Number of protein chains: 2
Amino acid sequence: MPPRNPYPRSHDFGDGCIDLSHGSGGRATTRLVEALFVSAFDNPLLDQRNDQAQFPVAPGRMVMTTDAYVISPLFFPGGDIGSLAVHGTINDVAMAGARPLYLSAAFILEEGLPLADLNRIVQSMAQASRNAGVPVVTGDTKVVERGKCDGVFITTAGIGRIPDGVTISGEQARPGDAVLLSGTLGDHGITIMSARAGISFATSLQSDSAALHTLVAGMVAAVPAIHCLRDPTRGGLAATLNELAQQSEVGIVLEQDHIPIHPEVSGACELLGLDPLNIANEGKLIAICAETDAERLLAAMHAHPLGRKAAIIGRVIADPHRFVQMKTSFGGKRMVDWLNGDPLPRIC
Amino acid sequence: MPPRNPYPRSHDFGDGCIDLSHGSGGRATTRLVEALFVSAFDNPLLDQRNDQAQFPVAPGRMVMTTDAYVISPLFFPGGDIGSLAVHGTINDVAMAGARPLYLSAAFILEEGLPLADLNRIVQSMAQASRNAGVPVVTGDTKVVERGKCDGVFITTAGIGRIPDGVTISGEQARPGDAVLLSGTLGDHGITIMSARAGISFATSLQSDSAALHTLVAGMVAAVPAIHCLRDPTRGGLAATLNELAQQSEVGIVLEQDHIPIHPEVSGACELLGLDPLNIANEGKLIAICAETDAERLLAAMHAHPLGRKAAIIGRVIADPHRFVQMKTSFGGKRMVDWLNGDPLPRIC
């Protein structure tokens with residue numbers, strides 16, 4: 001008698017839905033994991049089928065990071081929660097100057113979630129992971145009752161390896177340093193706003209969701225002594241620069257005219273009374289480096305498709321108040337503050 | 001003029017609640033992270049305050065794992081979602097025979113969650129992490145609207161290091177091997193059932209939630225050639241042994257009389273028509289090793305407080321059907337199958 005097949009590919013990805021048995025740890029869980037996750041993320045480490053992935057490491061410095069993704073809607077122009085969960089965590093690894101090695105992925109699924117939606121998300125996630133060359137090597141799936149989550153939440157963690165000679169951290173900005181931005185501000189946030197019911201002012205705009213690690217690799221190769229790197233996600237450029245100013249105990253002065261912003265984003269922000277500096281990005285980075293390195297770093301950014309619109313947008317100054325300020329196009333100067341409250345919940 | 005304090009400890013942990021601004025990435029997020037998470041998890045890596053933790057590693061083999069925790073209720077006899085999220089992920093690292101090094105923690109919070117509850121969970125998590133000697137080095141916080149999650153979900157990831165000479169994996173069970181269990185079955189699952197509204201049949205019982213890595217360290221030191229280790233969480237012993245039988249392409253025969261079960265768990269299971277072999281555990285492990293190593297491994301387990309009731313509960317056999325069976329107390333034999341459906345959603 002041949003061995004029975006414990007994992008029939010029996011899921012109906014057209015009409016089926018997630019039910020609580022998919023979270024039981026029993027046969028239904030195993031079938032879902034095999035039919036959907038293992039086959040989509042297909043790689044030898046995940047294929048070990050243990051509750052953890054095992055891999056060799058060389059000596060050196062590593063990084064670890066995690067982010068939970070709760071974005072609404074799940075699908076949006078330029079991406080979905082799956083690709084975002086891959087890009088976002090790769091980027092947090094890369095912001096240490098590190099090369100991302102492996103990702104983990106934990107799914108919280110709502111009872112009733114169409115399997116077709118889950119399949120689309122997982123396929124997109126697997127594609128983003130393959131494109132980036134960073135495999136998802138271990139994971140987990142939980143199911144909660146209808147009304148106890150919102151379709152699907154995904155938490156990814158990532159580990160990576162820092163090249164020798166690179167030490168990038170948020171407290172290293174020094175007066176005189178240059179502040180560089182890799183591209184246009186606000187594309188992700190404004191796209192999500194427009195994707196939400198009833199707002200459709202910016203139809204051609206797409207989320208900038210992208211994995212920045214190859215851009216960072218080029219930057220680090222050109223200027224190993226980059227002081228700070230950070231991606232201005234939730235809270236936008238304003239929050240990220242204020243964080244860096246606090247950590248480094250410095251001030252920052254931006255030049256409004258130097259900050260690249262897509263015209264559709266400017267237009268939408270004017271319409272809605274929002275400041276593009278507070279809007280979330282998912283494929284942009286800020287770099288701070290010595291003034292003498294700035295042009296070389298800018299050239300390395302321009303050489304990468306994700307850095308073509310990079311610009312030097314400001315300078316670090318000595319300031320005991322740690323203020324972030326901006327010289328406006330009209331010749332004035334204004335404070336760039338953290339936002340109080342949340343203009344757009346669940347942006348990532 | 002002195003620098004302003006950007007992080008006043010202004011949260012009212014007595015009467016305050018989570019609101020959407022805590023997830024904005026702006027000042028409220030930073031304040032919450034500083035006042036609650038950074039101070040509770042207090043360690044030099046988290047204190048780097050970057051979006052990732054950086055640390056040196058020695059050459060060798062590492063593991064990575066993740067789990068999402070969605071347990072209901074959040075607080076239960078013997079633990080809460082915070083301590084569980086630390087123990088569970090440490091255990092998944094340890095089941096490779098590895099020494100856990102670092103944890104990440106991502107929180108999804110529901111608008112309206114009392115800060116007092118969150119504080120209690122985070123303090124418990126920090127205590128579990130300190131007791132285990134495995135720091136939480138990086139994290140993330142998201143907030144979703146009221147009714148879009150259930151209080152709090154926590155996803156932890158963990159990395160660890162495998163000692164030289166240890167290779168533990170689910171496909172290594174061989175006919176003739178002994179199957180060992182570290183203690184009583186079903187304590188966690190029955191405790192959660194009793195903690196849920198309206199059921200209170202087992203008042204003295206506690207969850208067995210515990211970090212098993214020091215038990216594993218002792219076992220690996222005594223028998224480096226352990227074949228398989230796995231913790232029987234969701235789905236219980238039955239699911240875990242069926243997984244191992246599938247991976248190793250073997251059968252398993254258990255001895256019912258050798259399986260330690262707390263009398264209150266037996267009683268509750270009889271009352272509810274449940275099989276203790278399907279009930280979740282959060283502080284137990286199964287080990288499979290060569291018969292010649294079994295007594296030495298058992299002695300190492302008995303020497304640790306979490307393995308005092310350890311027993312050899314069965315044998316691996318050659319079986320092309322990969323069946324898990326049990327010799328019952330009455331002299332018969334029955335199949336031990338995966339459960340279909342979910343007797344108890346959100347057990348972990």
# chains A, B, ... in the order shown; residues from 1 in each chain; ligands from 1
>>> residues_around(residues="segment 275-285 of chain A", least_positions_apart="6", cutoff="7 Å", atoms="only C-alpha atoms", output="list in words")
Gly88, Leu181, Ser182, Gly183, Leu185, Gly186, Asp187, His188, Gly189, Asp208, Ser209, Ala210, Ala211, Leu212, Leu229, Arg230, Asp231, Pro232, Thr233, Arg234, Gly235, Gly236, Leu237, Ala238, Cys269 and Leu339 of chain A
>>> closest_atom_pairs(of="chain A", to="chain B", cutoff="7 Å", atoms="only C-alpha atoms", output="tab-separated table")
residue	atom	partner	partner_atom	distance
A:Pro3	CA	B:His321	CA	4.9
A:Arg4	CA	B:His321	CA	6.5
A:Leu20	CA	B:Asp342	CA	6.4
A:Ser21	CA	B:Gly341	CA	4.5
A:Ser24	CA	B:Asp342	CA	5.0
A:Gly25	CA	B:Gly235	CA	4.8
A:Gly26	CA	B:Gly235	CA	5.3
A:Arg27	CA	B:Trp338	CA	5.9
A:Asn50	CA	B:Gly170	CA	6.2
A:Asp51	CA	B:Asp92	CA	5.9
A:Gln52	CA	B:Thr65	CA	4.5
A:Ala53	CA	B:Val63	CA	5.3
A:Gln54	CA	B:Val63	CA	4.4
A:Phe55	CA	B:Arg61	CA	5.4
A:Pro56	CA	B:Arg61	CA	4.1
A:Val57	CA	B:Pro59	CA	5.5
A:Ala58	CA	B:Pro59	CA	4.5
A:Pro59	CA	B:Pro59	CA	4.3
A:Gly60	CA	B:Val57	CA	5.5
A:Arg61	CA	B:Pro56	CA	4.1
A:Met62	CA	B:Phe55	CA	5.5
A:Val63	CA	B:Gln54	CA	4.4
A:Met64	CA	B:Ala53	CA	5.4
A:Thr65	CA	B:Gln52	CA	4.6
A:Thr66	CA	B:Gly139	CA	5.8
A:Asp67	CA	B:Asp140	CA	5.3
A:Ala68	CA	B:Ala106	CA	5.8
A:Asp92	CA	B:Asp51	CA	5.9
A:Val93	CA	B:Gln52	CA	6.4
A:Ser104	CA	B:Thr66	CA	6.3
A:Ala106	CA	B:Ala68	CA	5.8
A:Thr138	CA	B:Thr65	CA	5.8
A:Gly139	CA	B:Thr66	CA	5.8
A:Asp140	CA	B:Asp67	CA	5.3
A:Lys142	CA	B:Ala68	CA	6.7
A:Val144	CA	B:Arg346	CA	6.7
A:Gly147	CA	B:Lys148	CA	6.6
A:Lys148	CA	B:Cys149	CA	4.7
A:Cys149	CA	B:Cys149	CA	4.1
A:Asp150	CA	B:Lys148	CA	5.3
A:Thr155	CA	B:Thr155	CA	6.7
A:Ala157	CA	B:Ala157	CA	6.5
A:Ser169	CA	B:Asn50	CA	6.7
A:Gly170	CA	B:Asn50	CA	6.2
A:Arg234	CA	B:Gly25	CA	4.9
A:Gly235	CA	B:Gly25	CA	4.8
A:Ala239	CA	B:Gly26	CA	5.8
A:Pro320	CA	B:Pro3	CA	5.6
A:His321	CA	B:Pro3	CA	5.0
A:Trp338	CA	B:Gly26	CA	5.4
A:Leu339	CA	B:Gly26	CA	5.4
A:Asn340	CA	B:Arg27	CA	6.4
A:Gly341	CA	B:Ser21	CA	4.5
A:Asp342	CA	B:Ser21	CA	4.9
A:Pro345	CA	B:Ser24	CA	6.6
A:Arg346	CA	B:Val144	CA	6.7
>>> atom_distance(atom1="atom CA of Phe41 of chain B", atom2="atom CA of Asp15 of chain B")
22.5 Å
>>> select_by_dssp(residues="segment 124-335 of chain B", states="strand (DSSP E or B)", output="ChimeraX atom specification")
/B:136-144,152-162,178-181,228-230,251-255,286-289,311-317,324-327,333-335
>>> residues_around(residues="segment 258-264 of chain A", least_positions_apart="5", cutoff="7 Å", atoms="only C-alpha atoms", output="PyMOL selection string")
chain A and resi 183-185+202+311-313
>>> residues_around(residues="Thr328 of chain B", least_positions_apart="6", cutoff="8 Å", atoms="only C-alpha atoms", output="PyMOL selection string")
chain B and resi 255-257+334
>>> write_last_selection(atoms="C-alpha atoms", output="short mmCIF file (atom, residue, chain, number, x, y, z; two decimals), in the first residue's frame")
data_model
loop_
_atom_site.label_atom_id
_atom_site.label_comp_id
_atom_site.auth_asym_id
_atom_site.auth_seq_id
_atom_site.Cartn_x
_atom_site.Cartn_y
_atom_site.Cartn_z
CA GLU B 255 2.21 3.88 25.70
CA GLN B 256 -0.81 5.61 27.24
CA ASP B 257 0.22 4.57 30.76
CA ARG B 334 -5.87 3.22 18.79
#
>>> atom_distance(atom1="atom CA of Gln123 of chain A", atom2="atom CA of His87 of chain A")
14.2 Å
>>> atom_distance(atom1="atom CA of Gly176 of chain B", atom2="atom CA of Lys309 of chain B")
22.8 Å
>>> select_by_dssp(residues="segment 118-190 of chain A", states="alpha helix (DSSP H)", output="list in words")
Leu118, Asn119, Arg120, Ile121, Val122, Gln123, Ser124, Met125, Ala126, Gln127, Ala128, Ser129, Arg130, Asn131, Ala132, Asp187, His188, Gly189 and Ile190 of chain A
>>> closest_residue(among="B:Val136, B:Leu74, B:Leu241, B:Ala178", to="Asp47 of chain B", atoms="only C-alpha atoms")
B:Val136
>>> closest_residue(among="B:His213, B:His304, B:Arg174, B:Arg130", to="Ala318 of chain B", atoms="only C-alpha atoms")
B:Arg174
